[in-house]
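J.: Sharing my_file10.pdb (PDB, C-alpha atoms and all ligand atoms) below.
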```
MODEL        1
ATOM      1  CA  MET A   1     188.751  45.534 -64.166
ATOM      2  CA  LYS A   2     186.044  45.017 -66.761
ATOM      3  CA  LEU A   3     182.598  44.020 -65.524
ATOM      4  CA  ILE A   4     179.684  42.090 -66.970
ATOM      5  CA  ASP A   5     176.478  42.348 -64.934
ATOM      6  CA  MET A   6     173.967  39.800 -66.170
ATOM      7  CA  HIS A   7     170.859  41.288 -64.584
ATOM      8  CA  CYS A   8     169.360  44.628 -63.665
ATOM      9  CA  ASP A   9     165.845  46.072 -63.758
ATOM     10  CA  THR A  10     166.885  49.628 -64.568
ATOM     11  CA  LEU A  11     165.182  49.683 -67.974
ATOM     12  CA  SER A  12     161.820  48.542 -66.587
ATOM     13  CA  LYS A  13     161.988  51.377 -64.060
ATOM     14  CA  LEU A  14     163.208  53.930 -66.589
ATOM     15  CA  VAL A  15     160.328  53.222 -68.968
ATOM     16  CA  LEU A  16     157.951  54.543 -66.293
ATOM     17  CA  ARG A  17     159.951  57.749 -65.782
ATOM     18  CA  ASP A  18     159.815  60.256 -68.590
ATOM     19  CA  ASN A  19     161.963  62.838 -66.848
ATOM     20  CA  GLU A  20     164.863  60.489 -66.092
ATOM     21  CA  SER A  21     167.392  58.903 -68.416
ATOM     22  CA  LEU A  22     170.244  56.456 -68.371
ATOM     23  CA  THR A  23     172.556  59.465 -68.146
ATOM     24  CA  THR A  24     170.744  61.152 -65.267
ATOM     25  CA  ASN A  25     168.503  59.240 -62.915
ATOM     26  CA  THR A  26     167.773  58.449 -59.287
ATOM     27  CA  LEU A  27     168.210  54.713 -59.859
ATOM     28  CA  CYS A  28     171.081  52.323 -59.023
ATOM     29  CA  ILE A  29     172.517  52.203 -62.538
ATOM     30  CA  ASP A  30     173.446  55.141 -64.741
ATOM     31  CA  LEU A  31     176.087  55.769 -67.378
ATOM     32  CA  ASN A  32     178.560  57.434 -65.035
ATOM     33  CA  GLY A  33     178.266  54.576 -62.573
ATOM     34  CA  LEU A  34     178.746  52.024 -65.330
ATOM     35  CA  ARG A  35     181.871  53.833 -66.496
ATOM     36  CA  ARG A  36     183.145  54.016 -62.944
ATOM     37  CA  ALA A  37     182.600  50.239 -62.665
ATOM     38  CA  ASP A  38     184.449  49.742 -65.977
ATOM     39  CA  SER A  39     181.347  48.027 -67.343
ATOM     40  CA  MET A  40     181.910  45.986 -70.488
ATOM     41  CA  VAL A  41     178.400  44.559 -70.859
ATOM     42  CA  GLN A  42     175.310  45.476 -68.883
ATOM     43  CA  PHE A  43     172.340  43.178 -69.364
ATOM     44  CA  PHE A  44     169.111  45.215 -69.287
ATOM     45  CA  ALA A  45     165.981  43.222 -68.508
ATOM     46  CA  CYS A  46     162.659  44.044 -70.100
ATOM     47  CA  PHE A  47     160.568  42.799 -67.219
ATOM     48  CA  ALA A  48     156.901  41.914 -67.344
ATOM     49  CA  ASP A  49     154.730  41.263 -64.314
ATOM     50  CA  LYS A  50     151.413  39.902 -65.570
ATOM     51  CA  GLU A  51     149.717  41.238 -62.442
ATOM     52  CA  ASP A  52     150.280  44.722 -63.864
ATOM     53  CA  TYR A  53     147.949  43.908 -66.743
ATOM     54  CA  ARG A  54     144.378  42.789 -66.888
ATOM     55  CA  GLU A  55     143.411  39.147 -67.309
ATOM     56  CA  PRO A  56     142.787  37.268 -69.515
ATOM     57  CA  TYR A  57     145.148  39.016 -71.928
ATOM     58  CA  SER A  58     147.781  40.080 -69.410
ATOM     59  CA  TYR A  59     150.670  38.176 -71.007
ATOM     60  CA  ASP A  60     149.716  39.491 -74.440
ATOM     61  CA  VAL A  61     149.557  43.086 -73.235
ATOM     62  CA  ALA A  62     152.859  42.524 -71.429
ATOM     63  CA  TYR A  63     154.371  41.215 -74.681
ATOM     64  CA  HIS A  64     153.602  44.534 -76.327
ATOM     65  CA  MET A  65     155.062  46.442 -73.386
ATOM     66  CA  ILE A  66     158.406  44.729 -74.043
ATOM     67  CA  PHE A  67     158.671  46.646 -77.320
ATOM     68  CA  ARG A  68     158.221  49.938 -75.473
ATOM     69  CA  MET A  69     161.145  48.988 -73.267
ATOM     70  CA  ILE A  70     163.286  48.008 -76.269
ATOM     71  CA  GLU A  71     162.400  51.326 -77.905
ATOM     72  CA  ARG A  72     163.309  53.201 -74.726
ATOM     73  CA  MET A  73     166.724  51.520 -74.665
ATOM     74  CA  ARG A  74     167.285  52.544 -78.283
ATOM     75  CA  GLN A  75     166.435  56.136 -77.336
ATOM     76  CA  GLU A  76     168.823  56.051 -74.392
ATOM     77  CA  ILE A  77     171.580  54.767 -76.649
ATOM     78  CA  SER A  78     170.891  57.436 -79.276
ATOM     79  CA  ARG A  79     171.279  60.100 -76.556
ATOM     80  CA  ALA A  80     174.776  58.852 -75.647
ATOM     81  CA  PRO A  81     176.098  57.043 -78.729
ATOM     82  CA  ASP A  82     179.710  57.653 -77.713
ATOM     83  CA  LYS A  83     179.202  55.953 -74.344
ATOM     84  CA  ILE A  84     176.932  52.968 -74.934
ATOM     85  CA  GLY A  85     175.936  50.714 -77.826
ATOM     86  CA  LEU A  86     173.516  47.855 -78.341
ATOM     87  CA  ALA A  87     175.126  44.397 -78.429
ATOM     88  CA  ARG A  88     173.388  41.749 -80.498
ATOM     89  CA  SER A  89     176.496  39.666 -81.182
ATOM     90  CA  ASN A  90     179.916  38.984 -79.766
ATOM     91  CA  LYS A  91     181.372  41.089 -82.561
ATOM     92  CA  GLU A  92     179.287  44.061 -81.431
ATOM     93  CA  ILE A  93     180.515  43.561 -77.858
ATOM     94  CA  MET A  94     184.122  43.638 -79.051
ATOM     95  CA  ASP A  95     183.522  46.596 -81.386
ATOM     96  CA  ASN A  96     181.839  48.585 -78.615
ATOM     97  CA  SER A  97     184.640  47.700 -76.244
ATOM     98  CA  LYS A  98     187.299  48.823 -78.745
ATOM     99  CA  SER A  99     185.543  52.175 -79.142
ATOM    100  CA  GLY A 100     185.389  52.635 -75.371
ATOM    101  CA  LYS A 101     181.646  51.976 -75.232
ATOM    102  CA  ILE A 102     179.602  49.943 -72.800
ATOM    103  CA  SER A 103     177.503  47.218 -74.426
ATOM    104  CA  ALA A 104     173.804  47.032 -73.585
ATOM    105  CA  LEU A 105     172.473  43.503 -73.920
ATOM    106  CA  LEU A 106     168.685  43.271 -73.942
ATOM    107  CA  THR A 107     166.885  40.474 -72.134
ATOM    108  CA  VAL A 108     163.306  39.532 -71.313
ATOM    109  CA  GLU A 109     162.460  38.530 -67.762
ATOM    110  CA  GLU A 110     159.296  36.412 -68.013
ATOM    111  CA  GLY A 111     158.999  33.950 -70.884
ATOM    112  CA  GLY A 112     155.253  34.015 -70.213
ATOM    113  CA  ILE A 113     154.958  36.901 -72.655
ATOM    114  CA  LEU A 114     155.461  34.372 -75.468
ATOM    115  CA  ASN A 115     152.145  32.869 -74.304
ATOM    116  CA  GLY A 116     152.435  29.804 -76.516
ATOM    117  CA  HIS A 117     153.412  31.720 -79.678
ATOM    118  CA  LEU A 118     156.821  30.618 -80.945
ATOM    119  CA  PRO A 119     156.975  33.330 -83.677
ATOM    120  CA  ARG A 120     157.106  35.908 -80.857
ATOM    121  CA  LEU A 121     160.510  34.493 -79.936
ATOM    122  CA  ASP A 122     161.826  35.161 -83.441
ATOM    123  CA  LYS A 123     160.352  38.661 -83.373
ATOM    124  CA  LEU A 124     162.061  39.420 -80.054
ATOM    125  CA  TYR A 125     165.322  38.096 -81.455
ATOM    126  CA  GLN A 126     164.977  40.410 -84.467
ATOM    127  CA  GLU A 127     164.453  43.314 -82.078
ATOM    128  CA  GLY A 128     167.700  42.540 -80.280
ATOM    129  CA  ILE A 129     166.661  40.375 -77.303
ATOM    130  CA  ARG A 130     169.453  37.873 -76.608
ATOM    131  CA  LEU A 131     168.426  36.239 -73.314
ATOM    132  CA  ILE A 132     165.111  35.096 -71.910
ATOM    133  CA  THR A 133     164.437  34.280 -68.277
ATOM    134  CA  LEU A 134     162.002  31.424 -68.862
ATOM    135  CA  THR A 135     159.658  32.190 -65.965
ATOM    136  CA  TRP A 136     159.223  34.848 -63.358
ATOM    137  CA  ASN A 137     157.282  33.968 -60.225
ATOM    138  CA  TYR A 138     154.153  32.551 -61.892
ATOM    139  CA  GLU A 139     153.258  29.499 -63.900
ATOM    140  CA  ASN A 140     153.350  30.346 -67.587
ATOM    141  CA  SER A 141     153.094  28.593 -70.959
ATOM    142  CA  LEU A 142     156.701  27.349 -70.664
ATOM    143  CA  GLY A 143     156.659  25.902 -67.166
ATOM    144  CA  TYR A 144     156.493  26.551 -63.451
ATOM    145  CA  PRO A 145     158.231  29.028 -61.182
ATOM    146  CA  ASN A 146     160.330  28.618 -58.062
ATOM    147  CA  SER A 147     157.907  27.827 -55.278
ATOM    148  CA  SER A 148     157.627  26.977 -51.589
ATOM    149  CA  ASN A 149     155.129  24.322 -52.675
ATOM    150  CA  SER A 150     157.266  21.272 -53.417
ATOM    151  CA  ALA A 151     154.710  19.834 -55.846
ATOM    152  CA  VAL A 152     155.088  22.998 -57.972
ATOM    153  CA  MET A 153     158.863  23.121 -57.455
ATOM    154  CA  GLN A 154     159.227  19.585 -58.870
ATOM    155  CA  GLN A 155     157.199  20.362 -62.008
ATOM    156  CA  GLY A 156     159.232  20.311 -65.183
ATOM    157  CA  LEU A 157     158.895  22.248 -68.420
ATOM    158  CA  LYS A 158     155.679  22.129 -70.410
ATOM    159  CA  PRO A 159     155.771  20.990 -74.055
ATOM    160  CA  PHE A 160     155.942  24.635 -75.214
ATOM    161  CA  GLY A 161     158.893  25.150 -72.851
ATOM    162  CA  PHE A 162     160.790  22.428 -74.695
ATOM    163  CA  ASP A 163     159.888  24.063 -78.044
ATOM    164  CA  VAL A 164     161.269  27.357 -76.730
ATOM    165  CA  ILE A 165     164.546  25.749 -75.592
ATOM    166  CA  LYS A 166     165.008  24.174 -79.016
ATOM    167  CA  ARG A 167     164.297  27.432 -80.857
ATOM    168  CA  MET A 168     166.496  29.471 -78.502
ATOM    169  CA  ASN A 169     169.340  27.023 -79.209
ATOM    170  CA  GLU A 170     168.746  27.436 -82.964
ATOM    171  CA  LEU A 171     168.675  31.223 -82.738
ATOM    172  CA  LYS A 172     171.582  31.194 -80.279
ATOM    173  CA  MET A 173     169.898  33.048 -77.445
ATOM    174  CA  LEU A 174     170.951  32.657 -73.820
ATOM    175  CA  ILE A 175     168.635  30.558 -71.666
ATOM    176  CA  ASP A 176     168.189  31.905 -68.144
ATOM    177  CA  VAL A 177     166.998  29.515 -65.422
ATOM    178  CA  SER A 178     166.766  32.050 -62.578
ATOM    179  CA  HIS A 179     163.202  32.037 -61.151
ATOM    180  CA  LEU A 180     162.465  28.625 -62.711
ATOM    181  CA  SER A 181     161.221  25.598 -60.739
ATOM    182  CA  ASP A 182     163.862  23.015 -59.792
ATOM    183  CA  GLY A 183     162.126  20.486 -62.063
ATOM    184  CA  GLY A 184     162.272  22.977 -64.926
ATOM    185  CA  PHE A 185     165.964  23.593 -64.274
ATOM    186  CA  TRP A 186     166.726  19.880 -64.700
ATOM    187  CA  ASP A 187     164.678  19.684 -67.887
ATOM    188  CA  VAL A 188     166.608  22.635 -69.323
ATOM    189  CA  ILE A 189     169.983  21.138 -68.351
ATOM    190  CA  ARG A 190     169.038  17.814 -69.966
ATOM    191  CA  THR A 191     167.719  19.430 -73.140
ATOM    192  CA  THR A 192     169.896  22.414 -74.073
ATOM    193  CA  LYS A 193     172.741  22.115 -76.555
ATOM    194  CA  TYR A 194     174.590  25.061 -75.011
ATOM    195  CA  PRO A 195     175.527  26.222 -71.516
ATOM    196  CA  VAL A 196     172.784  28.011 -69.594
ATOM    197  CA  VAL A 197     172.886  30.847 -67.097
ATOM    198  CA  ALA A 198     171.209  31.475 -63.785
ATOM    199  CA  SER A 199     171.585  35.201 -64.321
ATOM    200  CA  HIS A 200     170.730  36.295 -60.766
ATOM    201  CA  SER A 201     170.664  33.429 -58.217
ATOM    202  CA  ASN A 202     172.713  32.428 -55.174
ATOM    203  CA  ALA A 203     173.387  29.283 -53.124
ATOM    204  CA  ARG A 204     170.405  27.735 -51.313
ATOM    205  CA  SER A 205     172.650  25.905 -48.827
ATOM    206  CA  LEU A 206     173.858  29.261 -47.501
ATOM    207  CA  CYS A 207     170.540  31.049 -47.669
ATOM    208  CA  ASP A 208     167.465  28.852 -47.802
ATOM    209  CA  ASP A 209     165.338  30.637 -50.348
ATOM    210  CA  GLN A 210     163.512  28.979 -53.229
ATOM    211  CA  ARG A 211     165.054  31.502 -55.662
ATOM    212  CA  ASN A 212     168.521  30.164 -54.883
ATOM    213  CA  MET A 213     170.154  27.069 -56.360
ATOM    214  CA  THR A 214     170.731  23.766 -54.575
ATOM    215  CA  ASP A 215     174.253  22.317 -54.434
ATOM    216  CA  GLU A 216     173.286  19.731 -57.065
ATOM    217  CA  MET A 217     171.980  22.454 -59.379
ATOM    218  CA  LEU A 218     175.118  24.584 -58.959
ATOM    219  CA  LYS A 219     177.313  21.569 -59.710
ATOM    220  CA  ALA A 220     175.258  20.651 -62.762
ATOM    221  CA  LEU A 221     175.400  24.243 -63.982
ATOM    222  CA  GLY A 222     179.199  24.113 -63.675
ATOM    223  CA  GLU A 223     179.384  20.816 -65.567
ATOM    224  CA  ASN A 224     177.125  22.255 -68.251
ATOM    225  CA  GLY A 225     179.614  25.118 -68.722
ATOM    226  CA  GLY A 226     177.132  27.705 -67.484
ATOM    227  CA  VAL A 227     177.356  30.436 -64.871
ATOM    228  CA  ALA A 228     175.392  31.705 -61.890
ATOM    229  CA  GLY A 229     175.379  35.460 -61.353
ATOM    230  CA  LEU A 230     175.609  36.657 -57.750
ATOM    231  CA  ASN A 231     172.368  38.401 -56.764
ATOM    232  CA  PHE A 232     172.594  41.334 -54.325
ATOM    233  CA  CYS A 233     169.059  40.913 -52.923
ATOM    234  CA  ASP A 234     169.165  40.602 -49.121
ATOM    235  CA  ASP A 235     166.570  37.780 -49.122
ATOM    236  CA  PHE A 236     168.850  35.636 -51.261
ATOM    237  CA  LEU A 237     172.035  36.468 -49.314
ATOM    238  CA  ASN A 238     171.102  35.979 -45.651
ATOM    239  CA  LYS A 239     168.284  36.193 -43.156
ATOM    240  CA  ASN A 240     169.480  39.491 -41.610
ATOM    241  CA  HIS A 241     167.559  41.637 -44.119
ATOM    242  CA  ARG A 242     170.766  43.396 -45.079
ATOM    243  CA  SER A 243     172.511  43.104 -48.419
ATOM    244  CA  ASP A 244     176.090  43.245 -47.206
ATOM    245  CA  VAL A 245     179.374  42.596 -48.933
ATOM    246  CA  GLU A 246     180.358  40.032 -46.304
ATOM    247  CA  SER A 247     177.439  37.770 -47.294
ATOM    248  CA  MET A 248     178.233  38.265 -50.983
ATOM    249  CA  VAL A 249     181.780  37.043 -50.385
ATOM    250  CA  LYS A 250     180.437  33.961 -48.577
ATOM    251  CA  HIS A 251     178.170  33.047 -51.483
ATOM    252  CA  ILE A 252     180.907  33.595 -54.039
ATOM    253  CA  MET A 253     183.392  31.439 -52.097
ATOM    254  CA  TYR A 254     180.777  28.731 -51.642
ATOM    255  CA  MET A 255     179.776  28.695 -55.291
ATOM    256  CA  LEU A 256     183.414  28.714 -56.433
ATOM    257  CA  ASN A 257     184.181  25.673 -54.295
ATOM    258  CA  LEU A 258     181.132  23.814 -55.462
ATOM    259  CA  ALA A 259     180.691  24.709 -59.120
ATOM    260  CA  GLY A 260     184.258  25.693 -59.978
ATOM    261  CA  GLN A 261     185.955  28.973 -60.737
ATOM    262  CA  ASP A 262     184.562  29.074 -64.257
ATOM    263  CA  SER A 263     180.943  29.080 -63.101
ATOM    264  CA  VAL A 264     180.474  32.197 -60.999
ATOM    265  CA  ALA A 265     179.543  35.590 -62.396
ATOM    266  CA  ILE A 266     177.691  38.737 -61.372
ATOM    267  CA  GLY A 267     173.948  39.409 -61.683
ATOM    268  CA  THR A 268     173.349  42.325 -59.325
ATOM    269  CA  ASP A 269     169.559  42.611 -59.784
ATOM    270  CA  LEU A 270     170.003  46.322 -59.031
ATOM    271  CA  ASP A 271     166.814  48.344 -59.471
ATOM    272  CA  GLY A 272     164.886  45.097 -59.053
ATOM    273  CA  ILE A 273     165.656  44.864 -55.338
ATOM    274  CA  GLU A 274     164.961  47.054 -52.362
ATOM    275  CA  GLY A 275     166.103  47.406 -48.787
ATOM    276  CA  ASP A 276     169.373  48.079 -47.089
ATOM    277  CA  LEU A 277     172.006  47.637 -49.813
ATOM    278  CA  GLU A 278     175.677  48.087 -49.009
ATOM    279  CA  ILE A 279     176.306  48.233 -52.745
ATOM    280  CA  ASN A 280     173.386  50.465 -53.678
ATOM    281  CA  HIS A 281     174.885  51.715 -56.931
ATOM    282  CA  ILE A 282     176.824  50.018 -59.723
ATOM    283  CA  ALA A 283     179.578  52.596 -59.113
ATOM    284  CA  LYS A 284     180.325  50.861 -55.807
ATOM    285  CA  MET A 285     181.346  47.470 -57.195
ATOM    286  CA  GLU A 286     184.819  48.276 -55.913
ATOM    287  CA  LEU A 287     183.590  47.361 -52.398
ATOM    288  CA  LEU A 288     183.010  43.749 -53.414
ATOM    289  CA  TYR A 289     186.238  43.618 -55.366
ATOM    290  CA  SER A 290     188.296  44.746 -52.347
ATOM    291  CA  ALA A 291     186.511  42.305 -50.042
ATOM    292  CA  LEU A 292     187.249  39.393 -52.376
ATOM    293  CA  ARG A 293     190.913  40.410 -52.597
ATOM    294  CA  LYS A 294     191.074  40.596 -48.796
ATOM    295  CA  ASN A 295     189.514  37.158 -48.663
ATOM    296  CA  GLY A 296     192.417  35.760 -50.682
ATOM    297  CA  LEU A 297     191.087  35.628 -54.240
ATOM    298  CA  THR A 298     193.640  36.517 -56.910
ATOM    299  CA  GLU A 299     193.165  39.099 -59.659
ATOM    300  CA  THR A 300     192.879  36.215 -62.112
ATOM    301  CA  GLN A 301     190.109  34.569 -60.103
ATOM    302  CA  ILE A 302     188.173  37.802 -59.701
ATOM    303  CA  GLU A 303     188.613  38.578 -63.375
ATOM    304  CA  LYS A 304     186.702  35.409 -64.187
ATOM    305  CA  ILE A 305     183.849  36.335 -61.843
ATOM    306  CA  TRP A 306     183.814  39.951 -63.011
ATOM    307  CA  TYR A 307     183.582  39.274 -66.747
ATOM    308  CA  LYS A 308     185.547  36.400 -68.239
ATOM    309  CA  ASN A 309     183.117  33.629 -67.288
ATOM    310  CA  ALA A 310     180.105  35.532 -68.579
ATOM    311  CA  LEU A 311     182.002  36.471 -71.731
ATOM    312  CA  ARG A 312     182.919  32.835 -72.349
ATOM    313  CA  VAL A 313     179.258  31.845 -72.097
ATOM    314  CA  LEU A 314     178.290  34.672 -74.449
ATOM    315  CA  ASN A 315     180.905  33.468 -76.915
ATOM    316  CA  GLU A 316     179.539  29.933 -76.774
ATOM    317  CA  CYS A 317     175.822  30.695 -76.707
ATOM    318  CA  MET A 318     175.418  33.785 -78.881
ATOM    319  CA  ASN A 319     176.501  34.534 -82.437
TER     320      ASN A 319
HETATM  321 ZN    ZN A 401     164.413  38.506 -61.188
ENDMDL
END
```
Please rewrite the model in this file as structure tokens.
Ligand SMILES: [Zn+2]
T.:
Amino acid sequence: MKLIDMHCDTLSKLVLRDNESLTTNTLCIDLNGLRRADSMVQFFACFADKEDYREPYSYDVAYHMIFRMIERMRQEISRAPDKIGLARSNKEIMDNSKSGKISALLTVEEGGILNGHLPRLDKLYQEGIRLITLTWNYENSLGYPNSSNSAVMQQGLKPFGFDVIKRMNELKMLIDVSHLSDGGFWDVIRTTKYPVVASHSNARSLCDDQRNMTDEMLKALGENGGVAGLNFCDDFLNKNHRSDVESMVKHIMYMLNLAGQDSVAIGTDLDGIEGDLEINHIAKMELLYSALRKNGLTETQIEKIWYKNALRVLNECMN
């Protein structure tokens, strides 16, 4: 069964490793694993942590680092052009798929790198970025992050955040609300013209973590036509410090019941998470598939979670 994984950090790791590649690496995602998983589209995040760069220009330095990651992805693709291709449109996804190629969809995780400059958004679009995760875990020029401080959590988007939403709608880029404050989430839902994604977030009612979504948020996401991608991080699955398939099934069942069968997708977060992972490689997605079948989900239902829901959102939100 085809698979669309809406979030991984493989590219950000790869860019720091000159002697590894997408073909051969010690990470959780490689080309063989993607083929084994029957990957249709793999989202590759260009991730920026401002703490890695020196203040006061950290976001600006991070912005330039994004282009190194984009360039690295282009190199990886040029090394295996028969196996993987860049996807900047739905037509490219279909063309790649027809030629038996996996599509790589480039994203930016941390809208802070825009740092108040809207033209940067257009530049990133030109370079092939098709999704932006509006915040990571810090306040930035767009808004506020998920936080244990309720005053921060209730904060909405900043004026520049609204400008970014509008421009992303015009360009037809996917808006990702994972990591965003709850207040920011509601501002996005009220403002966007298209469905949004929570590319890698689970259900807060099942696992009380600020990175997960409340029942109200999951319902609203469903009504908006968006999707939430199941995150494999143990902290967002349970409090046992183990990323196990059993907990994944629980979150999927919960989110299906609450948000509807058109609103759940996959966002593994592989290579962005550590710890004891039962699915520690994309090649092992079969484990989750079998568990969902055992739990009573039909092929048709799993097909939606595996790729059809994400593909529908791509069709609606991207050219
Ligand atoms: Zn993340």
J.: Counting only C-alpha atoms, what is within 9 Å of A:Arg36, bar same-chain residues fewer than 6 positions away, as JSON, numbers by chain?
T.: {"A": [282, 283, 284, 285]}
J.: I need the chosen residues saved as a PDB file, in the frame of the given file, with C-alpha atoms.
T.:
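Ended up saving to result.pdb:
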```
ATOM      1  CA  ILE A 282     176.824  50.018 -59.723  1.00  0.00           C
ATOM      2  CA  ALA A 283     179.578  52.596 -59.113  1.00  0.00           C
ATOM      3  CA  LYS A 284     180.325  50.861 -55.807  1.00  0.00           C
ATOM      4  CA  MET A 285     181.346  47.470 -57.195  1.00  0.00           C
TER       5      MET A 285
END
```
J.: If we count all atoms listed in the file, what is near A:Lys304 at a cut-off of 8 Å, once residues fewer than 3 positions away on the same chain are taken out, given as number ranges by chain?
T.: A: 261-262, 264-265, 300-301, 307-310
J.: Considering only C-alpha atoms and all ligand atoms, can you say which of A:Leu171, A:Val164, A:Leu230, A:Leu34 comes closest to ligand ZN 401 (chain A)?
T.: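 Checking each candidate against ligand ZN 401 (chain A), we get A:Leu230 as the closest.
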J.: What does the structure give for the distance between atom CA of A:Val245 and atom CA of A:Thr26, in Å to one decimal?
T.: 22.2 Å
J.: I'd like the contact shell of stretch 86-97 of chain A - 9 Å cut-off, all atoms listed in the file, skipping same-chain residues fewer than 6 positions apart - returned as a ChimeraX atom specification.
T.: /A:40-41,73-74,77,103-106,125,128-130,311,314-315,318-319
J.: Counting all atoms listed in the file, which protein, DNA or RNA residues come within 9 Å of ligand ZN 401 (chain A), given as a VMD selection string?
T.: chain A and resid 7 to 9 45 47 109 to 110 133 136 to 137 178 to 179 199 to 201 211 269 272 to 273
J.: What does the distance from atom CA of A:Trp186 to atom CA of A:Gln126 come to in Å, to one decimal?
T.: 28.6 Å
J.: From the options A:Asp208, A:Asp276, A:Glu71, A:Glu216, which residue's atoms come nearest to A:Asp234, counting all atoms listed in the file?
T.: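 With all atoms listed in the file as the atom set, the closest residue is A:Asp276.
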J.: Could you check which of A:Leu287, A:Val313, A:Val152, A:Val61 is closest to A:Leu221, using only C-alpha atoms?
T.: A:Val313
J.: Just checking: using all atoms listed in the file, which residue out of A:Ile252, A:Ala291, A:Cys28, A:Glu20 ends up closest to A:Glu274?
T.: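 Among the listed residues, A:Cys28 lies closest to A:Glu274.
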J.: Please determine, counting all atoms listed in the file, which residue among A:Leu180, A:Met217, A:Leu174, A:Ala62 has the shortest atom-to-atom distance to A:Met153.
T.: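 The shortest atom-to-atom distance to A:Met153 comes from A:Leu180.
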J.: For stretch 248-251 of chain A, find every residue with an atom within 9 Å (counting only C-alpha atoms), except residues of its own chain fewer than 5 positions away, and show them as a list in words.
T.: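 Once the nearby chain positions are removed, what remains is Asn202, Ala203, Leu206, Cys207, Leu230, Asn231, Phe232, Leu237, Ser243, Leu256, Leu288, Ala291, Leu292 and Asn295 of chain A.
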J.: Between A:Leu118, A:Val196, A:Met255, A:Ile113, which one has atoms that come closest to A:Cys46, using all atoms listed in the file?
T.: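 Using all atoms listed in the file, the shortest distance to A:Cys46 belongs to A:Ile113.
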J.: Output requested as a PDB file, in the coordinates of the input - stretch 141-154 of chain A, filled out with N, CA and C atoms.
T.:
```
ATOM      1  N   SER A 141     153.262  29.611 -69.916  1.00  0.00           N
ATOM      2  CA  SER A 141     153.094  28.593 -70.959  1.00  0.00           C
ATOM      3  C   SER A 141     154.338  27.719 -71.131  1.00  0.00           C
ATOM      4  N   LEU A 142     155.462  28.130 -70.548  1.00  0.00           N
ATOM      5  CA  LEU A 142     156.701  27.349 -70.664  1.00  0.00           C
ATOM      6  C   LEU A 142     156.857  26.355 -69.514  1.00  0.00           C
ATOM      7  N   GLY A 143     156.440  26.772 -68.321  1.00  0.00           N
ATOM      8  CA  GLY A 143     156.659  25.902 -67.166  1.00  0.00           C
ATOM      9  C   GLY A 143     156.206  26.530 -65.877  1.00  0.00           C
ATOM     10  N   TYR A 144     156.898  26.166 -64.808  1.00  0.00           N
ATOM     11  CA  TYR A 144     156.493  26.551 -63.451  1.00  0.00           C
ATOM     12  C   TYR A 144     157.606  27.342 -62.778  1.00  0.00           C
ATOM     13  N   PRO A 145     157.212  28.203 -61.844  1.00  0.00           N
ATOM     14  CA  PRO A 145     158.231  29.028 -61.182  1.00  0.00           C
ATOM     15  C   PRO A 145     158.810  28.369 -59.939  1.00  0.00           C
ATOM     16  N   ASN A 146     159.843  28.986 -59.387  1.00  0.00           N
ATOM     17  CA  ASN A 146     160.330  28.618 -58.062  1.00  0.00           C
ATOM     18  C   ASN A 146     159.155  28.747 -57.103  1.00  0.00           C
ATOM     19  N   SER A 147     159.085  27.825 -56.148  1.00  0.00           N
ATOM     20  CA  SER A 147     157.907  27.827 -55.278  1.00  0.00           C
ATOM     21  C   SER A 147     158.209  27.170 -53.943  1.00  0.00           C
ATOM     22  N   SER A 148     157.488  27.613 -52.894  1.00  0.00           N
ATOM     23  CA  SER A 148     157.627  26.977 -51.589  1.00  0.00           C
ATOM     24  C   SER A 148     156.784  25.695 -51.555  1.00  0.00           C
ATOM     25  N   ASN A 149     155.935  25.538 -52.543  1.00  0.00           N
ATOM     26  CA  ASN A 149     155.129  24.322 -52.675  1.00  0.00           C
ATOM     27  C   ASN A 149     155.948  23.292 -53.451  1.00  0.00           C
ATOM     28  N   SER A 150     156.316  22.202 -52.784  1.00  0.00           N
ATOM     29  CA  SER A 150     157.266  21.272 -53.417  1.00  0.00           C
ATOM     30  C   SER A 150     156.661  20.596 -54.647  1.00  0.00           C
ATOM     31  N   ALA A 151     155.339  20.436 -54.661  1.00  0.00           N
ATOM     32  CA  ALA A 151     154.710  19.834 -55.846  1.00  0.00           C
ATOM     33  C   ALA A 151     154.930  20.733 -57.069  1.00  0.00           C
ATOM     34  N   VAL A 152     154.843  22.052 -56.870  1.00  0.00           N
ATOM     35  CA  VAL A 152     155.088  22.998 -57.972  1.00  0.00           C
ATOM     36  C   VAL A 152     156.574  23.016 -58.304  1.00  0.00           C
ATOM     37  N   MET A 153     157.407  23.036 -57.262  1.00  0.00           N
ATOM     38  CA  MET A 153     158.863  23.121 -57.455  1.00  0.00           C
ATOM     39  C   MET A 153     159.399  21.939 -58.277  1.00  0.00           C
ATOM     40  N   GLN A 154     158.747  20.769 -58.138  1.00  0.00           N
ATOM     41  CA  GLN A 154     159.227  19.585 -58.870  1.00  0.00           C
ATOM     42  C   GLN A 154     158.725  19.540 -60.309  1.00  0.00           C
TER      43      GLN A 154
END
```
